[in-house]
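**Student:** Supplied structure: data34.txt, compact mmCIF, C-alpha atoms and all ligand atoms.
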# COMPACT_ATOMS: atom_id res chain seq x y z
CA MET A 38 195.78 356.83 50.47
CA ARG A 39 193.51 355.65 53.21
CA ILE A 40 189.87 355.44 52.37
CA THR A 41 187.68 358.22 53.55
CA HIS A 42 183.92 358.45 53.47
CA ASP A 43 181.17 360.86 52.72
CA ARG A 44 180.30 363.30 55.48
CA GLY A 45 176.69 362.13 55.40
CA HIS A 46 174.93 365.16 53.97
CA ARG A 47 173.75 363.64 50.74
CA PRO A 48 170.70 361.43 50.30
CA ARG A 49 171.44 357.83 49.60
CA PRO A 50 170.84 357.05 45.93
CA ALA A 51 168.48 354.30 44.92
CA PRO A 52 170.53 351.14 44.49
CA ILE A 53 170.78 349.61 41.06
CA VAL A 54 170.02 345.91 40.82
CA ILE A 55 172.80 343.93 39.20
CA GLY A 56 172.03 343.01 35.66
CA ARG A 57 174.30 345.16 33.52
CA GLY A 58 177.29 344.21 35.66
CA PRO A 59 179.97 341.57 35.21
CA ALA A 60 179.33 337.84 35.18
CA ALA A 61 178.17 335.78 38.15
CA PRO A 62 176.04 338.30 40.06
CA GLU A 63 174.60 337.11 43.36
CA PRO A 64 170.83 336.83 43.36
CA GLY A 65 169.26 339.54 45.50
CA ARG A 66 172.46 341.59 45.84
CA VAL A 67 172.48 345.14 44.58
CA GLN A 68 175.26 346.98 42.79
CA VAL A 69 175.96 350.52 43.94
CA ARG A 70 178.31 352.32 41.57
CA PRO A 71 180.93 354.96 42.43
CA THR A 72 179.24 357.33 39.98
CA ASP A 73 175.95 357.23 41.94
CA GLN A 74 176.95 360.30 43.95
CA PRO A 75 179.46 363.14 43.48
CA PRO A 76 183.00 362.40 44.70
CA GLU A 77 183.90 362.89 48.36
CA GLY A 78 184.55 366.58 49.04
CA ALA A 79 183.04 367.68 45.69
CA THR A 80 181.78 371.25 45.61
CA SER A 81 179.09 370.71 42.97
CA PRO A 82 176.62 367.87 42.43
CA ASP A 83 177.82 367.19 38.87
CA ALA A 84 181.50 367.03 39.84
CA ARG A 85 183.41 364.07 38.43
CA PRO A 86 186.92 362.83 39.27
CA ARG A 87 189.66 364.26 37.05
CA LEU A 88 192.78 362.15 36.79
CA SER A 89 196.00 364.14 36.52
CA PHE A 90 199.61 363.04 36.27
CA ALA A 91 200.96 366.55 35.77
CA VAL A 92 202.88 368.06 38.64
CA PRO A 93 201.99 371.78 38.66
CA ALA A 94 204.74 374.28 37.92
CA ALA A 95 207.07 374.73 40.90
CA ARG A 96 205.64 376.93 43.63
CA GLY A 97 209.14 377.67 44.89
CA LYS A 98 211.24 374.77 46.06
CA ALA A 99 211.44 373.80 49.71
CA PRO A 100 214.74 375.01 51.21
CA ARG A 101 217.55 372.49 50.86
CA HIS A 102 217.83 370.24 53.91
CA LEU A 103 220.22 367.61 55.19
CA ALA A 104 217.57 364.91 54.62
CA ASP A 105 217.44 365.70 50.88
CA LEU A 106 221.07 364.63 50.55
CA ASP A 107 223.18 361.57 51.20
CA LEU A 108 226.20 361.98 53.46
CA ARG A 109 228.50 362.86 50.60
CA GLY A 110 226.05 365.53 49.42
CA ARG A 111 225.83 366.98 52.93
CA LYS A 112 229.61 367.25 53.15
CA ALA A 113 229.78 368.92 49.75
CA ALA A 114 227.07 371.38 50.76
CA LEU A 115 228.97 372.40 53.91
CA LYS A 116 232.21 372.71 51.97
CA GLU A 117 230.52 374.96 49.42
CA ALA A 118 229.29 377.15 52.24
CA GLY A 119 232.86 377.46 53.57
CA LEU A 120 232.11 375.23 56.58
CA PRO A 121 234.03 372.13 57.72
CA ALA A 122 232.72 369.15 55.76
CA PHE A 123 233.32 366.64 58.56
CA ARG A 124 230.69 368.42 60.68
CA ALA A 125 228.10 366.80 58.42
CA ASP A 126 228.59 363.54 60.37
CA GLN A 127 227.81 365.22 63.68
CA LEU A 128 224.80 367.10 62.34
CA SER A 129 223.50 363.87 60.82
CA ARG A 130 223.90 361.95 64.09
CA HIS A 131 221.93 364.59 65.97
CA TYR A 132 219.22 364.53 63.36
CA PHE A 133 218.87 360.77 62.79
CA THR A 134 219.63 359.39 66.25
CA ARG A 135 218.54 362.17 68.64
CA PHE A 136 215.79 363.39 66.30
CA THR A 137 216.72 367.03 66.84
CA ARG A 138 217.36 369.96 64.52
CA ASP A 139 217.82 372.42 67.36
CA ALA A 140 221.35 373.90 67.34
CA ALA A 141 221.22 374.44 71.12
CA ASP A 142 221.09 370.65 71.66
CA MET A 143 224.32 370.09 69.69
CA THR A 144 226.78 370.71 72.48
CA ASP A 145 229.56 368.72 70.81
CA LEU A 146 229.71 371.34 68.03
CA PRO A 147 231.67 374.56 68.56
CA ALA A 148 229.23 377.15 69.94
CA GLY A 149 230.27 379.69 67.31
CA LEU A 150 229.42 377.30 64.45
CA ARG A 151 226.19 375.70 65.65
CA ASP A 152 223.75 378.25 64.28
CA GLN A 153 225.58 378.55 60.99
CA LEU A 154 225.73 374.76 60.44
CA SER A 155 222.13 374.35 61.39
CA ALA A 156 221.00 377.24 59.14
CA GLU A 157 222.89 375.68 56.23
CA LEU A 158 221.49 372.14 56.47
CA LEU A 159 218.61 372.11 58.96
CA PRO A 160 216.11 374.78 57.92
CA ASP A 161 212.67 374.65 59.51
CA LEU A 162 210.46 372.85 56.94
CA ILE A 163 207.21 371.87 58.63
CA HIS A 164 205.06 373.49 61.33
CA LYS A 165 202.32 371.91 63.41
CA VAL A 166 198.89 373.41 62.67
CA ARG A 167 196.79 370.98 64.64
CA VAL A 168 197.17 367.74 66.61
CA LEU A 169 194.26 365.40 67.34
CA ARG A 170 194.31 362.30 69.54
CA ALA A 171 192.17 359.18 69.48
CA ASP A 172 192.13 355.54 70.61
CA GLN A 173 192.89 356.50 74.25
CA GLY A 174 195.94 358.45 73.19
CA ARG A 175 197.43 355.65 71.08
CA THR A 176 196.74 357.52 67.83
CA MET A 177 197.84 361.07 67.02
CA LYS A 178 197.04 362.88 63.83
CA HIS A 179 199.09 365.91 62.81
CA LEU A 180 198.22 368.59 60.32
CA TRP A 181 201.43 370.24 59.08
CA GLU A 182 202.00 373.48 57.20
CA LEU A 183 204.94 373.59 54.79
CA HIS A 184 207.12 376.57 53.83
CA ASP A 185 204.69 377.77 51.15
CA GLY A 186 201.53 377.37 53.22
CA VAL A 187 200.40 374.01 51.81
CA ARG A 188 199.18 371.48 54.32
CA VAL A 189 199.65 367.75 54.72
CA GLU A 190 198.76 365.17 57.34
CA SER A 191 200.50 362.32 59.13
CA VAL A 192 199.11 359.78 61.61
CA LEU A 193 201.12 358.11 64.38
CA MET A 194 199.70 354.86 65.76
CA ARG A 195 200.86 352.77 68.69
CA TYR A 196 200.13 349.05 68.65
CA LYS A 197 201.17 346.31 71.08
CA ASP A 198 204.13 345.24 69.01
CA ARG A 199 205.01 348.31 66.96
CA THR A 200 204.64 352.05 66.47
CA THR A 201 203.70 353.07 62.96
CA LEU A 202 203.65 356.41 61.16
CA CYS A 203 201.52 357.02 58.08
CA VAL A 204 203.19 359.78 56.02
CA SER A 205 202.09 362.02 53.17
CA SER A 206 204.21 362.15 50.03
CA GLN A 207 202.32 364.86 48.13
CA ALA A 208 200.18 367.88 48.98
CA GLY A 209 196.84 366.89 47.47
CA CYS A 210 196.72 364.15 44.86
CA GLY A 211 196.04 363.89 41.14
CA MET A 212 194.64 360.34 41.19
CA ALA A 213 191.05 361.51 41.77
CA CYS A 214 189.71 358.44 43.57
CA PRO A 215 186.07 359.43 44.13
CA PHE A 216 185.93 358.10 47.72
CA CYS A 217 188.89 360.18 48.87
CA ALA A 218 188.86 363.76 50.15
CA THR A 219 192.49 364.27 49.09
CA GLY A 220 191.64 363.16 45.57
CA GLN A 221 189.17 366.01 45.19
CA MET A 222 191.79 368.61 46.15
CA GLY A 223 193.82 367.83 43.03
CA LEU A 224 197.59 367.81 43.17
CA THR A 225 199.17 370.93 44.68
CA ARG A 226 202.76 369.71 44.62
CA ASN A 227 205.20 366.94 45.42
CA LEU A 228 206.85 366.97 48.83
CA SER A 229 210.62 367.14 48.91
CA ALA A 230 212.43 364.14 50.40
CA ALA A 231 213.17 366.18 53.51
CA GLU A 232 209.53 367.23 53.94
CA ILE A 233 208.64 363.53 54.03
CA VAL A 234 211.54 362.69 56.36
CA GLU A 235 210.64 365.56 58.70
CA GLN A 236 207.25 363.93 59.34
CA VAL A 237 209.20 360.82 60.37
CA ARG A 238 211.66 362.69 62.57
CA HIS A 239 208.85 364.46 64.44
CA ALA A 240 207.10 361.11 64.98
CA ALA A 241 210.30 359.42 66.16
CA GLN A 242 210.88 362.28 68.58
CA ALA A 243 207.28 362.21 69.88
CA SER A 244 207.37 358.40 70.29
CA ALA A 245 210.71 358.47 72.12
CA ALA A 246 209.44 361.23 74.40
CA GLY A 247 206.45 359.11 75.46
CA THR A 248 203.83 361.36 73.85
CA LEU A 249 201.66 358.36 73.01
CA THR A 250 199.86 356.40 75.75
CA ASP A 251 201.94 353.66 77.43
CA GLY A 252 205.19 355.59 77.57
CA PRO A 253 208.25 355.97 75.37
CA ALA A 254 208.39 353.82 72.26
CA ARG A 255 210.65 353.41 69.27
CA LEU A 256 209.13 354.36 65.94
CA SER A 257 209.42 351.05 64.10
CA ASN A 258 207.24 351.22 60.97
CA VAL A 259 206.49 353.80 58.29
CA VAL A 260 203.73 353.46 55.73
CA PHE A 261 203.35 355.74 52.70
CA MET A 262 199.56 355.78 52.85
CA GLY A 263 198.86 359.41 53.71
CA MET A 264 198.07 362.16 51.21
CA GLY A 265 199.29 361.56 47.69
CA GLU A 266 200.30 358.77 45.35
CA PRO A 267 203.95 358.02 46.27
CA MET A 268 204.85 356.71 42.81
CA ILE A 269 204.07 360.07 41.18
CA ASN A 270 206.71 361.61 43.47
CA TYR A 271 209.04 358.70 42.75
CA LYS A 272 212.46 360.38 42.99
CA ASN A 273 211.82 362.12 46.30
CA VAL A 274 210.08 359.07 47.78
CA VAL A 275 213.06 356.86 46.92
CA ALA A 276 215.44 359.44 48.45
CA ALA A 277 213.25 359.51 51.59
CA LEU A 278 213.29 355.69 51.70
CA HIS A 279 217.09 355.81 51.75
CA ARG A 280 217.04 358.23 54.69
CA LEU A 281 214.67 355.89 56.56
CA ILE A 282 216.62 352.72 55.88
CA ASP A 283 220.27 353.78 55.75
CA PRO A 284 222.12 353.28 59.04
CA SER A 285 223.21 356.30 61.10
CA PRO A 286 224.69 358.77 60.32
CA GLU A 287 223.23 358.42 56.80
CA GLY A 288 219.70 357.70 58.01
CA PHE A 289 217.39 356.39 60.75
CA GLY A 290 218.38 352.74 60.23
CA LEU A 291 214.81 351.40 60.11
CA SER A 292 214.29 347.93 58.67
CA ALA A 293 213.20 347.98 55.01
CA ARG A 294 210.73 345.25 55.94
CA ALA A 295 208.98 347.68 58.28
CA ILE A 296 208.34 350.21 55.52
CA THR A 297 205.38 350.03 53.17
CA VAL A 298 204.90 351.98 49.95
CA SER A 299 201.32 352.02 48.78
CA THR A 300 200.13 352.65 45.25
CA VAL A 301 196.88 352.69 43.31
CA GLY A 302 198.74 351.03 40.45
CA LEU A 303 201.37 352.93 38.45
CA VAL A 304 202.70 349.80 36.84
CA PRO A 305 206.00 351.07 35.31
CA LEU A 306 207.03 352.60 38.62
CA ILE A 307 206.20 349.45 40.59
CA ARG A 308 208.58 347.69 38.21
CA LYS A 309 211.20 350.40 38.73
CA LEU A 310 210.91 350.21 42.53
CA ALA A 311 211.63 346.49 42.32
CA THR A 312 215.08 347.33 40.93
CA GLU A 313 216.11 349.80 43.65
CA GLY A 314 217.57 347.15 45.97
CA MET A 315 215.34 348.24 48.85
CA PRO A 316 213.04 345.38 49.85
CA VAL A 317 210.25 347.57 51.21
CA THR A 318 206.75 346.15 51.30
CA LEU A 319 204.53 347.06 48.37
CA ALA A 320 200.85 347.66 49.10
CA VAL A 321 198.46 347.75 46.17
CA SER A 322 195.22 349.66 46.78
CA LEU A 323 193.12 347.37 44.63
CA HIS A 324 189.57 347.75 45.98
CA ALA A 325 188.03 345.88 43.03
CA PRO A 326 189.18 342.77 41.11
CA ASP A 327 187.23 343.58 37.92
CA ASP A 328 188.06 346.37 35.49
CA GLU A 329 184.45 347.37 35.07
CA LEU A 330 184.15 348.56 38.68
CA ARG A 331 187.81 349.53 39.18
CA ASP A 332 187.73 351.88 36.19
CA GLU A 333 185.20 353.98 38.15
CA LEU A 334 186.58 353.45 41.64
CA ILE A 335 190.27 354.03 40.86
CA PRO A 336 190.51 356.23 37.75
CA VAL A 337 194.13 355.26 37.04
CA ASN A 338 192.77 351.82 36.18
CA SER A 339 191.83 353.32 32.83
CA LYS A 340 195.58 353.30 32.09
CA TRP A 341 196.79 350.11 33.77
CA LYS A 342 194.24 347.34 34.16
CA VAL A 343 193.86 344.90 37.04
CA GLY A 344 195.73 342.13 35.19
CA GLU A 345 198.76 344.31 34.40
CA LEU A 346 198.80 345.64 37.96
CA LEU A 347 198.72 342.20 39.56
CA ASP A 348 201.41 340.97 37.13
CA ALA A 349 203.66 343.86 38.24
CA ALA A 350 202.86 343.19 41.92
CA TYR A 351 203.70 339.51 41.49
CA ASP A 352 206.98 340.40 39.77
CA TYR A 353 207.74 342.77 42.66
CA PHE A 354 207.35 339.85 45.04
CA ARG A 355 209.64 337.71 42.90
CA ALA A 356 212.30 340.42 42.71
CA THR A 357 212.31 341.41 46.39
CA GLY A 358 211.00 338.36 48.24
CA ARG A 359 208.53 340.66 50.00
CA ARG A 360 204.94 339.48 50.13
CA VAL A 361 202.64 342.10 48.58
CA SER A 362 199.73 343.58 50.55
CA ILE A 363 196.49 343.88 48.64
CA GLU A 364 194.38 346.64 50.22
CA TYR A 365 190.66 346.23 49.73
CA ALA A 366 188.26 348.72 51.32
CA LEU A 367 184.95 346.93 51.74
CA ILE A 368 182.22 349.29 50.56
CA LYS A 369 178.63 348.23 51.05
CA ASP A 370 176.95 346.90 47.89
CA MET A 371 179.73 348.34 45.76
CA ASN A 372 182.66 345.94 45.88
CA ASP A 373 181.82 343.50 48.70
CA HIS A 374 180.06 340.77 46.68
CA ALA A 375 181.18 337.19 47.29
CA TRP A 376 181.76 336.71 43.56
CA ARG A 377 184.27 339.55 43.73
CA ALA A 378 186.07 337.83 46.62
CA GLN A 379 186.22 334.71 44.45
CA ARG A 380 187.42 336.73 41.43
CA LEU A 381 190.14 338.28 43.58
CA ALA A 382 191.17 334.85 44.89
CA ASP A 383 191.30 333.49 41.32
CA GLU A 384 193.38 336.42 40.10
CA LEU A 385 195.89 336.00 42.93
CA CYS A 386 196.08 332.19 42.82
CA SER A 387 196.49 332.13 39.04
CA ARG A 388 199.86 333.89 39.52
CA GLY A 389 201.14 331.74 42.36
CA ARG A 390 200.64 330.83 46.00
CA GLY A 391 201.64 332.76 49.11
CA TRP A 392 202.82 335.90 47.32
CA ALA A 393 200.03 338.22 48.44
CA HIS A 394 198.25 339.02 51.65
CA VAL A 395 194.79 340.62 51.45
CA ASN A 396 193.78 343.33 53.91
CA PRO A 397 190.05 344.05 53.76
CA ILE A 398 189.43 347.44 55.38
CA PRO A 399 185.98 348.10 56.85
CA LEU A 400 184.77 351.64 56.22
CA ASN A 401 183.17 353.65 58.99
CA PRO A 402 179.39 353.39 58.73
CA THR A 403 178.04 356.63 57.26
CA PRO A 404 174.28 356.83 56.88
CA GLY A 405 173.18 358.44 53.63
CA SER A 406 176.43 357.87 51.74
CA ILE A 407 177.42 355.20 49.25
CA TRP A 408 180.84 355.10 50.95
CA THR A 409 179.83 353.05 53.92
CA CYS A 410 180.77 349.76 55.51
CA SER A 411 179.63 346.27 54.55
CA GLU A 412 177.15 344.35 56.68
CA PRO A 413 179.01 342.04 59.13
CA ASP A 414 177.75 338.84 57.44
CA VAL A 415 178.80 340.18 54.03
CA GLN A 416 182.26 341.07 55.32
CA ASP A 417 182.58 337.60 56.92
CA LEU A 418 181.60 335.87 53.67
CA PHE A 419 184.09 337.97 51.71
CA VAL A 420 186.90 337.08 54.11
CA ASP A 421 185.93 333.38 54.28
CA THR A 422 185.89 333.14 50.50
CA LEU A 423 189.46 334.39 50.31
CA ARG A 424 190.64 332.18 53.17
CA ARG A 425 189.00 329.10 51.69
CA ALA A 426 191.04 329.79 48.56
CA GLY A 427 194.20 329.66 50.70
CA ILE A 428 194.87 333.41 50.77
CA THR A 429 196.13 334.96 53.99
CA THR A 430 193.56 337.60 54.86
CA THR A 431 193.60 340.05 57.77
CA VAL A 432 190.81 342.53 58.36
CA ARG A 433 192.58 345.83 59.01
CA ASP A 434 192.03 347.85 62.12
CA THR A 435 190.80 351.35 61.21
CA ARG A 436 192.63 353.68 63.55
CA GLY A 437 191.69 357.27 64.15
CA SER A 438 188.25 357.07 62.61
CA ASP A 439 186.93 359.56 65.17
CA ILE A 440 189.59 362.16 64.34
CA GLU A 441 189.07 362.61 60.62
CA GLY A 442 191.47 359.68 60.40
CA ALA A 443 191.36 359.08 56.66
CA CYS A 444 193.70 361.04 54.46
CA GLY A 445 192.64 364.52 53.48
CA GLN A 446 189.79 364.72 55.97
CA LEU A 447 191.58 366.78 58.61
CA ALA A 448 193.09 369.19 56.08
CA THR A 449 189.67 369.65 54.46
CA GLU A 450 187.92 370.09 57.81
CA VAL A 451 190.41 372.70 59.07
CA LEU A 452 190.20 374.59 55.77
CA HIS A 453 186.40 374.68 56.06
CA GLN A 454 186.64 375.95 59.65
CA GLU A 455 189.12 378.67 58.67
CA ARG A 456 186.96 379.74 55.73
CA ALA A 457 183.91 379.86 58.00
CA ARG A 458 185.77 382.21 60.36
CA THR A 459 186.75 384.70 57.61
S1 LIG B 501 195.70 357.77 45.28
FE1 LIG B 501 195.26 359.87 45.88
S2 LIG B 501 193.07 360.13 45.47
FE2 LIG B 501 193.46 357.91 45.49
S3 LIG B 501 193.08 357.27 47.62
FE3 LIG B 501 195.28 357.76 47.50
S4 LIG B 501 195.44 359.93 48.11
FE4 LIG B 501 193.29 359.52 47.63
For the structure just supplied, provide its representation as structure tokens.

**Tutor:**
Amino acid sequence: MRITHDRGHRPRPAPIVIGRGPAAPEPGRVQVRPTDQPPEGATSPDARPRLSFAVPAARGKAPRHLADLDLRGRKAALKEAGLPAFRADQLSRHYFTRFTRDAADMTDLPAGLRDQLSAELLPDLIHKVRVLRADQGRTMKHLWELHDGVRVESVLMRYKDRTTLCVSSQAGCGMACPFCATGQMGLTRNLSAAEIVEQVRHAAQASAAGTLTDGPARLSNVVFMGMGEPMINYKNVVAALHRLIDPSPEGFGLSARAITVSTVGLVPLIRKLATEGMPVTLAVSLHAPDDELRDELIPVNSKWKVGELLDAAYDYFRATGRRVSIEYALIKDMNDHAWRAQRLADELCSRGRGWAHVNPIPLNPTPGSIWTCSEPDVQDLFVDTLRRAGITTTVRDTRGSDIEGACGQLATEVLHQERART
């Protein structure tokens, strides 16, 4: 879900002067459009984003795992396999509190049963393909391979006051955002709940073991902003959320407030999430306050417009009490105009005060691409405009930018390297 950028091999298109655009253009400002260059990662110059909601036919399900099931389901699964159901508690404690799936670590289980129990409920689901570090060892990016060879990424980030993991919920993505490398892969498949939870367990284990700079830390936050649109994989994402939030031995016992689910705007599923009784934070990847630009920048906007999306986000806030994050990648001359900041402020304020927090995200500067960062004075004006309207606004830190930090970049890069070798 994080914004990526062009790799810099294409010439910069001539900017188009505003004139055909929406009302209130700024004199002297240009309007670069998402359609001015092929999408990120496109293999032909005339490629265009193709929105897809269809999940491809099953490629063979991931093996059943303890983290797919609630405690009752785990007990039933052991019983079915002719194993003592009460052992599900012990297995779950090892998994969710000691972050292990290794039978040899489970010394409180009878030696003769350990391998059998573990084989039944703790199959090996994800393998490390590559690990990259950045930010003086405070950021680690993992590329994982799943049972059927598909690859996904997660990013672990240590901050002063928290340790956050960004997880993937799908392999590839069908939302086709033209700035995003994952979007150009198309959707390969949904991840099972356990494949999502395994990314979290590995991160919790690595944090506790002191793998990140500054020593051992507790994994405190999880954001669903990696590969994929979480709402398309709704059922498995909700099951994974339960495993993250439920107290041990059901789950990791993380605070719901420390978990963020990000979406480009699947309105009916935002409304459904509001009824689940899990007050996780909702992040809306808005990136444009006007339908004219957002239709091109976020193709799903052709189905649910900005107004409907913000109505659903506001209702989410009212149902859960959780302030909504509005994610806004600032892209030079595309969406960073002061009138757009004002339009965004008006849209938010017209629904109420204090219900949304805007996170402008500066892109990494990439010469020759239309996906590049705003000038500092333009970014400052954008932020000031929002703040003057009374909207809490925090410019987001962009971690891991030197390690193919945005979603889909590492997977794409490794694939290119492997193809080059064969
Ligand atoms: S919704 Fe999909 S295509 Fe759009 S930014 Fe997120 S991962 Fe990329």

**Student:** Between A:Val321, A:Val187, A:Ala118, A:Val234, which residue has the minimum interatomic distance to ligand LIG 501 (chain B), considering only C-alpha atoms and all ligand atoms?

**Tutor:** A:Val321

**Student:** When you look at Phe419 in chain A with a cut-off of 6 Å (counting all atoms listed in the file), what residues show up, excluding the ones that are within fewer than 2 positions of it in the same chain? I need them as a PyMOL selection string.

**Tutor:** chain A and resi 375+378+416-417+421-422

**Student:** For Leu310 in chain A, find every residue with an atom within 9 Å (counting only C-alpha atoms), except residues of its own chain fewer than 6 positions away, and show them as a ChimeraX atom specification.

**Tutor:** /A:268,271,275,353

**Student:** For ligand LIG 501 (chain B), collect every residue having any atom at a distance of at most 9 Å from a ligand atom (counting only C-alpha atoms and all ligand atoms); output as a CSV table (one decimal) with C-alpha atoms, keeping the file's coordinate frame.

**Tutor:**
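Written file, pocket-v3.csv:
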chain,number,residue,atom,x,y,z
A,38,MET,CA,195.8,356.8,50.5
A,39,ARG,CA,193.5,355.6,53.2
A,40,ILE,CA,189.9,355.4,52.4
A,41,THR,CA,187.7,358.2,53.6
A,88,LEU,CA,192.8,362.2,36.8
A,205,SER,CA,202.1,362.0,53.2
A,207,GLN,CA,202.3,364.9,48.1
A,209,GLY,CA,196.8,366.9,47.5
A,210,CYS,CA,196.7,364.2,44.9
A,211,GLY,CA,196.0,363.9,41.1
A,212,MET,CA,194.6,360.3,41.2
A,213,ALA,CA,191.0,361.5,41.8
A,214,CYS,CA,189.7,358.4,43.6
A,215,PRO,CA,186.1,359.4,44.1
A,216,PHE,CA,185.9,358.1,47.7
A,217,CYS,CA,188.9,360.2,48.9
A,218,ALA,CA,188.9,363.8,50.2
A,219,THR,CA,192.5,364.3,49.1
A,220,GLY,CA,191.6,363.2,45.6
A,221,GLN,CA,189.2,366.0,45.2
A,222,MET,CA,191.8,368.6,46.2
A,223,GLY,CA,193.8,367.8,43.0
A,224,LEU,CA,197.6,367.8,43.2
A,262,MET,CA,199.6,355.8,52.8
A,263,GLY,CA,198.9,359.4,53.7
A,264,MET,CA,198.1,362.2,51.2
A,265,GLY,CA,199.3,361.6,47.7
A,266,GLU,CA,200.3,358.8,45.4
A,267,PRO,CA,204.0,358.0,46.3
A,299,SER,CA,201.3,352.0,48.8
A,300,THR,CA,200.1,352.6,45.2
A,301,VAL,CA,196.9,352.7,43.3
A,302,GLY,CA,198.7,351.0,40.4
A,322,SER,CA,195.2,349.7,46.8
A,335,ILE,CA,190.3,354.0,40.9
A,336,PRO,CA,190.5,356.2,37.8
A,337,VAL,CA,194.1,355.3,37.0
A,444,CYS,CA,193.7,361.0,54.5
A,445,GLY,CA,192.6,364.5,53.5

**Student:** Could you check which of A:Ala208, A:Leu202, A:Ile428, A:Ala240 is closest to Lys165 in chain A, using only C-alpha atoms?

**Tutor:**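 Once distances to Lys165 in chain A are computed over only C-alpha atoms, the minimum belongs to A:Ala240.
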
**Student:** Could you tell me which of A:Leu385, A:Ile363, A:Leu146, A:Leu108 comes closest to Arg433 in chain A if we count all atoms listed in the file?

**Tutor:**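 Closest candidate: A:Ile363.
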
**Student:** Hey, which of A:Arg424, A:Arg70, A:Lys197, A:Arg255 ends up closest to Asn372 in chain A? Count all atoms listed in the file.

**Tutor:**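 Smallest distance to Asn372 in chain A is found for A:Arg70.
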
**Student:** Can you pull out the residues contacting His102 in chain A? Cut-off 9 Å, using only C-alpha atoms, and skip same-chain residues under 3 positions away; I want them as a PyMOL selection string.

**Tutor:** chain A and resi 99+105-106+111+157-162+230-232

**Student:** Could the residues in this selection be written to a file with C-alpha atoms, as a short mmCIF file (atom, residue, chain, number, x, y, z; two decimals), in the coordinates of the input?

**Tutor:**
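Generated output (out26.cif):
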data_model
loop_
_atom_site.label_atom_id
_atom_site.label_comp_id
_atom_site.auth_asym_id
_atom_site.auth_seq_id
_atom_site.Cartn_x
_atom_site.Cartn_y
_atom_site.Cartn_z
CA ALA A 99 211.44 373.80 49.71
CA ASP A 105 217.44 365.70 50.88
CA LEU A 106 221.07 364.63 50.55
CA ARG A 111 225.83 366.98 52.93
CA GLU A 157 222.89 375.68 56.23
CA LEU A 158 221.49 372.14 56.47
CA LEU A 159 218.61 372.11 58.96
CA PRO A 160 216.11 374.78 57.92
CA ASP A 161 212.67 374.65 59.51
CA LEU A 162 210.46 372.85 56.94
CA ALA A 230 212.43 364.14 50.40
CA ALA A 231 213.17 366.18 53.51
CA GLU A 232 209.53 367.23 53.94
#

**Student:** Considering all atoms listed in the file, can you say which of A:Ala148, A:Val274, A:Ala156, A:Leu249 comes closest to Leu169 in chain A?

**Tutor:**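 Closest to Leu169 in chain A of all the choices is A:Leu249.
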
**Student:** Kindly give the distance, in Å, that separates CA of Ala349 in chain A and CA of Thr201 in chain A, rounded to a single decimal.

**Tutor:** 26.4 Å

**Student:** Which value, in Å to one decimal, gives the distance between CA of Asp373 in chain A and CA of Ala393 in chain A?

**Tutor:** 19.0 Å

**Student:** Between A:Arg130, A:Arg109, A:Arg308, A:Arg355, which has the minimum distance to Pro284 in chain A (counting all atoms listed in the file)?

**Tutor:**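 Once distances to Pro284 in chain A are computed over all atoms listed in the file, the minimum belongs to A:Arg130.
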
**Student:** Box for range 406-414 of chain A - axis-aligned, 6 Å on each of the six sides, all listed atoms - centre and size in Å to one decimal, as AutoDock Vina command-line options.

**Tutor:**
--center_x 178.6 --center_y 348.4 --center_z 54.2 --size_x 16.4 --size_y 31.0 --size_z 21.9

**Student:** Enter the distance from CA of Gly391 in chain A to CA of Gly344 in chain A, in Å, rounded to one decimal.

**Tutor:**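 We find that CA of Gly391 in chain A and CA of Gly344 in chain A lie 17.8 Å from each other.
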